[in-house]
>>> print(open('input21.pdb').read())   # PDB, C-alpha atoms
ATOM      1  CA  MET J   1     101.262 123.412 137.542  1.00  0.00           C
ATOM      2  CA  PHE J   2     104.428 124.491 139.402  1.00  0.00           C
ATOM      3  CA  ASP J   3     107.034 123.007 137.054  1.00  0.00           C
ATOM      4  CA  ARG J   4     108.780 126.306 136.354  1.00  0.00           C
ATOM      5  CA  GLU J   5     108.771 127.449 139.997  1.00  0.00           C
ATOM      6  CA  ILE J   6     110.156 124.083 141.103  1.00  0.00           C
ATOM      7  CA  LYS J   7     112.908 124.341 138.501  1.00  0.00           C
ATOM      8  CA  PHE J   8     113.790 127.853 139.680  1.00  0.00           C
ATOM      9  CA  ASN J   9     113.802 126.746 143.309  1.00  0.00           C
ATOM     10  CA  ARG J  10     116.206 123.898 142.491  1.00  0.00           C
ATOM     11  CA  PHE J  11     118.489 126.450 140.842  1.00  0.00           C
ATOM     12  CA  LEU J  12     118.250 128.741 143.875  1.00  0.00           C
ATOM     13  CA  LEU J  13     119.028 125.864 146.248  1.00  0.00           C
ATOM     14  CA  GLY J  14     122.204 125.130 144.281  1.00  0.00           C
ATOM     15  CA  TYR J  15     123.214 128.773 144.519  1.00  0.00           C
ATOM     16  CA  PHE J  16     122.265 128.743 148.216  1.00  0.00           C
ATOM     17  CA  ASP J  17     124.671 125.840 148.850  1.00  0.00           C
ATOM     18  CA  GLN J  18     127.534 127.810 147.315  1.00  0.00           C
ATOM     19  CA  VAL J  19     126.723 131.027 149.175  1.00  0.00           C
ATOM     20  CA  VAL J  20     126.306 129.518 152.646  1.00  0.00           C
ATOM     21  CA  ALA J  21     129.478 127.450 152.302  1.00  0.00           C
ATOM     22  CA  ASP J  22     131.432 130.713 152.668  1.00  0.00           C
ATOM     23  CA  ILE J  23     129.576 131.990 155.730  1.00  0.00           C
ATOM     24  CA  PRO J  24     131.465 130.821 158.823  1.00  0.00           C
ATOM     25  CA  ALA J  25     129.247 129.272 161.491  1.00  0.00           C
ATOM     26  CA  ASP J  26     130.856 131.438 164.158  1.00  0.00           C
ATOM     27  CA  GLN J  27     129.873 134.614 162.281  1.00  0.00           C
ATOM     28  CA  ILE J  28     126.186 133.950 161.574  1.00  0.00           C
ATOM     29  CA  CYS J  29     125.082 136.512 164.164  1.00  0.00           C
ATOM     30  CA  GLU J  30     127.090 139.330 162.571  1.00  0.00           C
ATOM     31  CA  ARG J  31     125.149 141.898 160.581  1.00  0.00           C
ATOM     32  CA  ALA J  32     126.092 142.856 157.070  1.00  0.00           C
ATOM     33  CA  PRO J  33     127.338 146.426 156.619  1.00  0.00           C
ATOM     34  CA  GLY J  34     124.471 148.883 156.484  1.00  0.00           C
ATOM     35  CA  GLY J  35     122.398 147.050 159.065  1.00  0.00           C
ATOM     36  CA  GLY J  36     121.292 144.064 157.008  1.00  0.00           C
ATOM     37  CA  HIS J  37     119.849 140.965 158.609  1.00  0.00           C
ATOM     38  CA  PRO J  38     122.402 138.633 160.180  1.00  0.00           C
ATOM     39  CA  PRO J  39     122.752 135.272 158.412  1.00  0.00           C
ATOM     40  CA  LEU J  40     121.269 133.511 161.464  1.00  0.00           C
ATOM     41  CA  TRP J  41     117.942 135.276 161.011  1.00  0.00           C
ATOM     42  CA  VAL J  42     117.877 134.791 157.236  1.00  0.00           C
ATOM     43  CA  LEU J  43     118.624 131.068 157.551  1.00  0.00           C
ATOM     44  CA  GLY J  44     116.030 130.609 160.293  1.00  0.00           C
ATOM     45  CA  HIS J  45     113.503 132.593 158.289  1.00  0.00           C
ATOM     46  CA  LEU J  46     113.990 130.534 155.122  1.00  0.00           C
ATOM     47  CA  ALA J  47     113.762 127.334 157.170  1.00  0.00           C
ATOM     48  CA  ILE J  48     110.494 128.201 158.932  1.00  0.00           C
ATOM     49  CA  VAL J  49     108.905 129.659 155.814  1.00  0.00           C
ATOM     50  CA  ALA J  50     109.376 126.312 154.041  1.00  0.00           C
ATOM     51  CA  GLU J  51     107.396 124.685 156.858  1.00  0.00           C
ATOM     52  CA  MET J  52     104.777 127.429 156.678  1.00  0.00           C
ATOM     53  CA  GLY J  53     104.417 126.793 152.945  1.00  0.00           C
ATOM     54  CA  GLN J  54     103.901 123.112 153.665  1.00  0.00           C
ATOM     55  CA  SER J  55     101.285 123.920 156.297  1.00  0.00           C
ATOM     56  CA  LEU J  56      99.252 125.782 153.655  1.00  0.00           C
ATOM     57  CA  LEU J  57      99.055 122.424 151.867  1.00  0.00           C
ATOM     58  CA  GLY J  58      98.052 120.457 154.970  1.00  0.00           C
ATOM     59  CA  GLY J  59     101.550 119.668 156.243  1.00  0.00           C
ATOM     60  CA  GLN J  60     102.549 119.794 159.899  1.00  0.00           C
ATOM     61  CA  MET J  61     104.840 122.456 161.333  1.00  0.00           C
ATOM     62  CA  GLN J  62     107.891 120.707 162.793  1.00  0.00           C
ATOM     63  CA  HIS J  63     109.199 123.824 164.547  1.00  0.00           C
ATOM     64  CA  PRO J  64     106.202 125.987 165.480  1.00  0.00           C
ATOM     65  CA  ASP J  65     108.319 127.743 168.114  1.00  0.00           C
ATOM     66  CA  TRP J  66     110.531 129.125 165.324  1.00  0.00           C
ATOM     67  CA  VAL J  67     107.650 131.221 163.926  1.00  0.00           C
ATOM     68  CA  ALA J  68     107.920 133.844 166.688  1.00  0.00           C
ATOM     69  CA  VAL J  69     111.699 134.014 166.271  1.00  0.00           C
ATOM     70  CA  PHE J  70     112.069 133.788 162.484  1.00  0.00           C
ATOM     71  CA  GLY J  71     108.594 134.122 160.979  1.00  0.00           C
ATOM     72  CA  PRO J  72     107.218 137.031 158.955  1.00  0.00           C
ATOM     73  CA  GLY J  73     107.390 140.265 160.901  1.00  0.00           C
ATOM     74  CA  SER J  74     109.792 138.910 163.528  1.00  0.00           C
ATOM     75  CA  SER J  75     112.719 140.925 164.817  1.00  0.00           C
ATOM     76  CA  ASP J  76     116.118 139.863 163.593  1.00  0.00           C
ATOM     77  CA  GLU J  77     117.460 140.410 167.123  1.00  0.00           C
ATOM     78  CA  VAL J  78     117.461 136.708 167.973  1.00  0.00           C
ATOM     79  CA  ILE J  79     117.355 136.074 171.706  1.00  0.00           C
ATOM     80  CA  ASP J  80     119.358 132.997 172.721  1.00  0.00           C
ATOM     81  CA  ALA J  81     121.000 132.886 169.292  1.00  0.00           C
ATOM     82  CA  GLY J  82     123.503 130.336 170.610  1.00  0.00           C
ATOM     83  CA  VAL J  83     120.868 127.581 170.667  1.00  0.00           C
ATOM     84  CA  PHE J  84     120.631 127.697 166.873  1.00  0.00           C
ATOM     85  CA  ALA J  85     123.243 126.260 164.532  1.00  0.00           C
ATOM     86  CA  LYS J  86     124.031 127.152 160.936  1.00  0.00           C
ATOM     87  CA  ASP J  87     124.229 123.493 159.909  1.00  0.00           C
ATOM     88  CA  GLU J  88     120.794 122.761 161.380  1.00  0.00           C
ATOM     89  CA  PHE J  89     119.174 125.519 159.335  1.00  0.00           C
ATOM     90  CA  VAL J  90     121.075 124.671 156.159  1.00  0.00           C
ATOM     91  CA  ALA J  91     120.000 121.018 156.431  1.00  0.00           C
ATOM     92  CA  GLN J  92     116.418 122.094 157.134  1.00  0.00           C
ATOM     93  CA  ILE J  93     116.358 124.351 154.061  1.00  0.00           C
ATOM     94  CA  GLN J  94     117.913 121.678 151.828  1.00  0.00           C
ATOM     95  CA  ARG J  95     115.333 119.152 153.041  1.00  0.00           C
ATOM     96  CA  GLU J  96     112.154 121.194 153.345  1.00  0.00           C
ATOM     97  CA  TYR J  97     112.068 123.095 150.041  1.00  0.00           C
ATOM     98  CA  PRO J  98     112.227 119.870 147.969  1.00  0.00           C
ATOM     99  CA  LYS J  99     109.538 118.460 150.267  1.00  0.00           C
ATOM    100  CA  LEU J 100     107.407 121.553 149.611  1.00  0.00           C
ATOM    101  CA  CYS J 101     107.923 121.031 145.878  1.00  0.00           C
ATOM    102  CA  GLU J 102     106.809 117.405 146.165  1.00  0.00           C
ATOM    103  CA  MET J 103     103.671 118.487 148.034  1.00  0.00           C
ATOM    104  CA  LEU J 104     102.878 121.044 145.348  1.00  0.00           C
ATOM    105  CA  GLN J 105     103.053 118.441 142.601  1.00  0.00           C
ATOM    106  CA  VAL J 106     100.128 116.560 144.166  1.00  0.00           C
ATOM    107  CA  ALA J 107      98.201 119.493 145.676  1.00  0.00           C
ATOM    108  CA  GLN J 108      94.521 119.791 144.885  1.00  0.00           C
ATOM    109  CA  SER J 109      93.642 122.802 142.732  1.00  0.00           C
ATOM    110  CA  SER J 110      90.655 123.532 144.994  1.00  0.00           C
ATOM    111  CA  ASN J 111      93.085 124.098 147.896  1.00  0.00           C
ATOM    112  CA  LEU J 112      95.494 126.115 145.769  1.00  0.00           C
ATOM    113  CA  GLU J 113      92.814 128.606 144.753  1.00  0.00           C
ATOM    114  CA  GLN J 114      91.832 129.420 148.348  1.00  0.00           C
ATOM    115  CA  SER J 115      92.991 132.605 150.041  1.00  0.00           C
ATOM    116  CA  HIS J 116      96.419 132.164 151.645  1.00  0.00           C
ATOM    117  CA  GLY J 117      95.330 133.914 154.839  1.00  0.00           C
ATOM    118  CA  VAL J 118      98.669 135.649 155.450  1.00  0.00           C
ATOM    119  CA  GLN J 119      97.708 139.067 156.772  1.00  0.00           C
ATOM    120  CA  LEU J 120     101.086 140.603 155.938  1.00  0.00           C
ATOM    121  CA  LEU J 121     100.314 140.166 152.231  1.00  0.00           C
ATOM    122  CA  ASP J 122      96.695 141.315 152.298  1.00  0.00           C
ATOM    123  CA  GLY J 123      96.039 143.806 149.518  1.00  0.00           C
ATOM    124  CA  THR J 124      98.912 142.563 147.360  1.00  0.00           C
ATOM    125  CA  PRO J 125      98.706 140.624 144.089  1.00  0.00           C
ATOM    126  CA  ILE J 126      99.610 137.499 146.094  1.00  0.00           C
ATOM    127  CA  GLU J 127      96.075 136.354 146.907  1.00  0.00           C
ATOM    128  CA  THR J 128      95.798 132.560 146.747  1.00  0.00           C
ATOM    129  CA  VAL J 129      97.672 129.609 148.181  1.00  0.00           C
ATOM    130  CA  ALA J 130      99.034 129.005 144.659  1.00  0.00           C
ATOM    131  CA  ASP J 131     100.313 132.589 144.500  1.00  0.00           C
ATOM    132  CA  MET J 132     101.917 132.233 147.922  1.00  0.00           C
ATOM    133  CA  GLU J 133     103.620 128.955 147.062  1.00  0.00           C
ATOM    134  CA  ALA J 134     105.013 130.375 143.809  1.00  0.00           C
ATOM    135  CA  HIS J 135     106.288 133.393 145.776  1.00  0.00           C
ATOM    136  CA  LEU J 136     107.930 131.229 148.453  1.00  0.00           C
ATOM    137  CA  LEU J 137     109.763 129.104 145.890  1.00  0.00           C
ATOM    138  CA  THR J 138     110.990 132.009 143.776  1.00  0.00           C
ATOM    139  CA  THR J 139     110.830 135.691 144.737  1.00  0.00           C
ATOM    140  CA  HIS J 140     110.867 135.214 148.504  1.00  0.00           C
ATOM    141  CA  PHE J 141     113.696 132.685 148.422  1.00  0.00           C
ATOM    142  CA  SER J 142     115.763 134.754 145.981  1.00  0.00           C
ATOM    143  CA  PHE J 143     115.277 137.965 147.991  1.00  0.00           C
ATOM    144  CA  HIS J 144     116.668 136.389 151.152  1.00  0.00           C
ATOM    145  CA  LEU J 145     119.368 134.528 149.233  1.00  0.00           C
ATOM    146  CA  ALA J 146     120.500 137.922 147.924  1.00  0.00           C
ATOM    147  CA  GLN J 147     120.833 139.087 151.536  1.00  0.00           C
ATOM    148  CA  LEU J 148     123.096 136.123 152.317  1.00  0.00           C
ATOM    149  CA  SER J 149     125.053 136.749 149.133  1.00  0.00           C
ATOM    150  CA  GLY J 150     125.471 140.422 150.062  1.00  0.00           C
ATOM    151  CA  TRP J 151     126.775 139.431 153.495  1.00  0.00           C
ATOM    152  CA  ARG J 152     129.214 137.006 151.878  1.00  0.00           C
ATOM    153  CA  ARG J 153     130.484 139.601 149.388  1.00  0.00           C
ATOM    154  CA  ALA J 154     130.877 142.193 152.172  1.00  0.00           C
ATOM    155  CA  ALA J 155     133.081 139.631 153.942  1.00  0.00           C
ATOM    156  CA  GLY J 156     135.413 139.790 150.935  1.00  0.00           C
ATOM    157  CA  LYS J 157     134.391 136.696 149.012  1.00  0.00           C
ATOM    158  CA  GLY J 158     134.343 136.779 145.220  1.00  0.00           C
ATOM    159  CA  PRO J 159     131.407 135.997 142.959  1.00  0.00           C
ATOM    160  CA  VAL J 160     129.831 132.538 143.072  1.00  0.00           C
ATOM    161  CA  ILE J 161     128.293 132.618 139.599  1.00  0.00           C
TER     162      ILE J 161
END
>>> encode(input="input21.pdb", output="structure tokens")
Amino acid sequence: MFDREIKFNRFLLGYFDQVVADIPADQICERAPGGGHPPLWVLGHLAIVAEMGQSLLGGQMQHPDWVAVFGPGSSDEVIDAGVFAKDEFVAQIQREYPKLCEMLQVAQSSNLEQSHGVQLLDGTPIETVADMEAHLLTTHFSFHLAQLSGWRRAAGKGPVI
């Protein structure tokens, strides 16, 4: 059911690896020009959202304390930013999105057709768990990847693709 979304997410993860390789760990708290999110917040957000996507399928949140810091609607002013490391988030993202894809391949259609329950997206075309999972693997991931790519380009790096 999610073959295309999984394929797109694999592509995005490959692009992600190239983009984050050029973001120095000691600069992840610096905002992009124009007030964009700092890489720290984007990385933390992508990491926790993968866990949140898994939880919609019955998975356990490994870092529930990250939701307040990096979850939907959180401020990108990360208090105690020094306790978080770029490599930790990159490894989490590289591990948890494939795990989410594996969970989707065996998910029950009865669960996928339920309401996702994410208040932030109430009233949007994203209504079911299936809709939410497709969004997380594709449009959501690519939106935040574009923010990281914009930060990287503003730092003077050339195109990746």
>>> closest_residue(input="input21.pdb", among="J:Gln60, J:Gln108, J:Gln92, J:Thr138", to="Lys7 (chain J)", atoms="all atoms listed in the file")
J:Thr138
>>> atom_distance(input="input21.pdb", atom1="CA of Asn9 (chain J)", atom2="CA of Ala134 (chain J)")
9.5 Å
>>> resolve_selection(input="input21.pdb", expression="the PyMOL selection byres ((chain J and resi 5) around 10)", output="list in words")
Met1, Phe2, Asp3, Arg4, Ile6, Lys7, Phe8, Asn9, Arg10, Phe11, Cys101, Glu133, Ala134, His135, Leu136, Leu137, Thr138 and Thr139 of chain J
>>> closest_residue(input="input21.pdb", among="J:Gln147, J:Ser75, J:Ser142, J:Ser55", to="Val129 (chain J)", atoms="all atoms listed in the file")
J:Ser55
>>> closest_residue(input="input21.pdb", among="J:Phe84, J:Gln62, J:Ile126, J:Asn111", to="Pro39 (chain J)", atoms="all atoms listed in the file")
J:Phe84
>>> residues_near_point(input="input21.pdb", point="(115.4, 132.2, 161.1)", cutoff="12 Å", atoms="all atoms listed in the file", output="compact mmCIF listing (two decimals) with C-alpha atoms, keeping the file's coordinate frame")
# COMPACT_ATOMS: atom_id res chain seq x y z
CA ILE J 28 126.19 133.95 161.57
CA CYS J 29 125.08 136.51 164.16
CA HIS J 37 119.85 140.96 158.61
CA PRO J 38 122.40 138.63 160.18
CA PRO J 39 122.75 135.27 158.41
CA LEU J 40 121.27 133.51 161.46
CA TRP J 41 117.94 135.28 161.01
CA VAL J 42 117.88 134.79 157.24
CA LEU J 43 118.62 131.07 157.55
CA GLY J 44 116.03 130.61 160.29
CA HIS J 45 113.50 132.59 158.29
CA LEU J 46 113.99 130.53 155.12
CA ALA J 47 113.76 127.33 157.17
CA ILE J 48 110.49 128.20 158.93
CA VAL J 49 108.90 129.66 155.81
CA ALA J 50 109.38 126.31 154.04
CA GLU J 51 107.40 124.68 156.86
CA HIS J 63 109.20 123.82 164.55
CA PRO J 64 106.20 125.99 165.48
CA ASP J 65 108.32 127.74 168.11
CA TRP J 66 110.53 129.12 165.32
CA VAL J 67 107.65 131.22 163.93
CA ALA J 68 107.92 133.84 166.69
CA VAL J 69 111.70 134.01 166.27
CA PHE J 70 112.07 133.79 162.48
CA GLY J 71 108.59 134.12 160.98
CA PRO J 72 107.22 137.03 158.96
CA GLY J 73 107.39 140.26 160.90
CA SER J 74 109.79 138.91 163.53
CA SER J 75 112.72 140.93 164.82
CA ASP J 76 116.12 139.86 163.59
CA GLU J 77 117.46 140.41 167.12
CA VAL J 78 117.46 136.71 167.97
CA ILE J 79 117.36 136.07 171.71
CA ALA J 81 121.00 132.89 169.29
CA VAL J 83 120.87 127.58 170.67
CA PHE J 84 120.63 127.70 166.87
CA ALA J 85 123.24 126.26 164.53
CA LYS J 86 124.03 127.15 160.94
CA GLU J 88 120.79 122.76 161.38
CA PHE J 89 119.17 125.52 159.34
CA VAL J 90 121.08 124.67 156.16
CA GLN J 92 116.42 122.09 157.13
CA ILE J 93 116.36 124.35 154.06
CA HIS J 144 116.67 136.39 151.15
>>> closest_residue(input="input21.pdb", among="J:Leu121, J:Ala91, J:Leu104, J:Ala155", to="Leu13 (chain J)", atoms="only C-alpha atoms")
J:Ala91
>>> axis_aligned_box(input="input21.pdb", around="region 137-148 of chain J", padding_each_side="8 Å", output="AutoDock Vina command-line options")
--center_x 116.4 --center_y 134.1 --center_z 148.0 --size_x 29.3 --size_y 26.0 --size_z 24.5
>>> atom_distance(input="input21.pdb", atom1="CA of Met61 (chain J)", atom2="CA of Ala107 (chain J)")
17.3 Å
>>> resolve_selection(input="input21.pdb", expression="the PyMOL selection byres ((chain J and resi 117) around 10)", output="mmCIF file with C-alpha atoms, keeping the file's coordinate frame")
data_model
loop_
_atom_site.group_PDB
_atom_site.id
_atom_site.type_symbol
_atom_site.label_atom_id
_atom_site.label_comp_id
_atom_site.auth_asym_id
_atom_site.auth_seq_id
_atom_site.Cartn_x
_atom_site.Cartn_y
_atom_site.Cartn_z
ATOM 1 C CA LEU J 56 99.252 125.782 153.655
ATOM 2 C CA GLN J 114 91.832 129.420 148.348
ATOM 3 C CA SER J 115 92.991 132.605 150.041
ATOM 4 C CA HIS J 116 96.419 132.164 151.645
ATOM 5 C CA VAL J 118 98.669 135.649 155.450
ATOM 6 C CA GLN J 119 97.708 139.067 156.772
ATOM 7 C CA LEU J 120 101.086 140.603 155.938
ATOM 8 C CA LEU J 121 100.314 140.166 152.231
ATOM 9 C CA ASP J 122 96.695 141.315 152.298
ATOM 10 C CA GLU J 127 96.075 136.354 146.907
ATOM 11 C CA THR J 128 95.798 132.560 146.747
ATOM 12 C CA VAL J 129 97.672 129.609 148.181
ATOM 13 C CA MET J 132 101.917 132.233 147.922
#
>>> atom_distance(input="input21.pdb", atom1="CA of Ala154 (chain J)", atom2="CA of Ala21 (chain J)")
14.8 Å
>>> build_atoms(input="input21.pdb", residues="region 125-150 of chain J", atoms="N, CA, C and O atoms", output="compact mmCIF listing (two decimals), in the coordinates of the input")
# COMPACT_ATOMS: atom_id res chain seq x y z
N PRO J 125 99.11 141.56 145.15
CA PRO J 125 98.71 140.62 144.09
C PRO J 125 98.83 139.15 144.49
O PRO J 125 98.34 138.27 143.79
N ILE J 126 99.49 138.88 145.60
CA ILE J 126 99.61 137.50 146.09
C ILE J 126 98.36 137.21 146.91
O ILE J 126 98.26 137.61 148.08
N GLU J 127 97.39 136.52 146.29
CA GLU J 127 96.08 136.35 146.91
C GLU J 127 95.75 134.92 147.31
O GLU J 127 95.12 134.69 148.32
N THR J 128 96.19 133.96 146.53
CA THR J 128 95.80 132.56 146.75
C THR J 128 96.95 131.74 147.31
O THR J 128 98.11 132.18 147.33
N VAL J 129 96.63 130.55 147.74
CA VAL J 129 97.67 129.61 148.18
C VAL J 129 98.65 129.37 147.03
O VAL J 129 99.87 129.35 147.25
N ALA J 130 98.15 129.21 145.82
CA ALA J 130 99.03 129.00 144.66
C ALA J 130 99.98 130.19 144.48
O ALA J 130 101.18 129.99 144.24
N ASP J 131 99.46 131.40 144.60
CA ASP J 131 100.31 132.59 144.50
C ASP J 131 101.39 132.57 145.57
O ASP J 131 102.56 132.85 145.31
N MET J 132 100.97 132.24 146.80
CA MET J 132 101.92 132.23 147.92
C MET J 132 103.01 131.19 147.70
O MET J 132 104.19 131.47 147.92
N GLU J 133 102.63 130.01 147.27
CA GLU J 133 103.62 128.96 147.06
C GLU J 133 104.61 129.34 145.96
O GLU J 133 105.82 129.12 146.10
N ALA J 134 104.11 129.93 144.88
CA ALA J 134 105.01 130.38 143.81
C ALA J 134 105.97 131.44 144.34
O ALA J 134 107.17 131.43 144.03
N HIS J 135 105.46 132.35 145.15
CA HIS J 135 106.29 133.39 145.78
C HIS J 135 107.36 132.78 146.67
O HIS J 135 108.54 133.15 146.59
N LEU J 136 106.97 131.83 147.52
CA LEU J 136 107.93 131.23 148.45
C LEU J 136 109.06 130.52 147.73
O LEU J 136 110.23 130.58 148.16
N LEU J 137 108.74 129.86 146.63
CA LEU J 137 109.76 129.10 145.89
C LEU J 137 110.69 130.00 145.07
O LEU J 137 111.81 129.60 144.77
N THR J 138 110.23 131.18 144.71
CA THR J 138 110.99 132.01 143.78
C THR J 138 111.37 133.36 144.38
O THR J 138 112.48 133.53 144.86
N THR J 139 110.47 134.32 144.35
CA THR J 139 110.83 135.69 144.74
C THR J 139 111.24 135.80 146.19
O THR J 139 112.21 136.49 146.52
N HIS J 140 110.52 135.15 147.09
CA HIS J 140 110.87 135.21 148.50
C HIS J 140 112.23 134.59 148.76
O HIS J 140 113.09 135.16 149.41
N PHE J 141 112.42 133.38 148.22
CA PHE J 141 113.70 132.68 148.42
C PHE J 141 114.85 133.50 147.83
O PHE J 141 115.89 133.67 148.47
N SER J 142 114.66 134.02 146.63
CA SER J 142 115.76 134.75 145.98
C SER J 142 116.07 136.07 146.70
O SER J 142 117.23 136.46 146.79
N PHE J 143 115.05 136.73 147.25
CA PHE J 143 115.28 137.96 147.99
C PHE J 143 116.19 137.70 149.19
O PHE J 143 117.17 138.42 149.42
N HIS J 144 115.87 136.68 149.96
CA HIS J 144 116.67 136.39 151.15
C HIS J 144 118.02 135.76 150.80
O HIS J 144 119.01 135.98 151.50
N LEU J 145 118.09 135.04 149.71
CA LEU J 145 119.37 134.53 149.23
C LEU J 145 120.28 135.69 148.85
O LEU J 145 121.49 135.66 149.12
N ALA J 146 119.71 136.73 148.26
CA ALA J 146 120.50 137.92 147.92
C ALA J 146 121.06 138.58 149.19
O ALA J 146 122.18 139.10 149.18
N GLN J 147 120.31 138.54 150.28
CA GLN J 147 120.83 139.09 151.54
C GLN J 147 122.04 138.28 152.01
O GLN J 147 123.04 138.87 152.45
N LEU J 148 121.95 136.96 151.93
CA LEU J 148 123.10 136.12 152.32
C LEU J 148 124.28 136.36 151.38
O LEU J 148 125.43 136.43 151.82
N SER J 149 124.00 136.50 150.11
CA SER J 149 125.05 136.75 149.13
C SER J 149 125.72 138.09 149.39
O SER J 149 126.94 138.21 149.31
N GLY J 150 124.92 139.11 149.74
CA GLY J 150 125.47 140.42 150.06
C GLY J 150 126.36 140.36 151.29
O GLY J 150 127.43 140.99 151.33
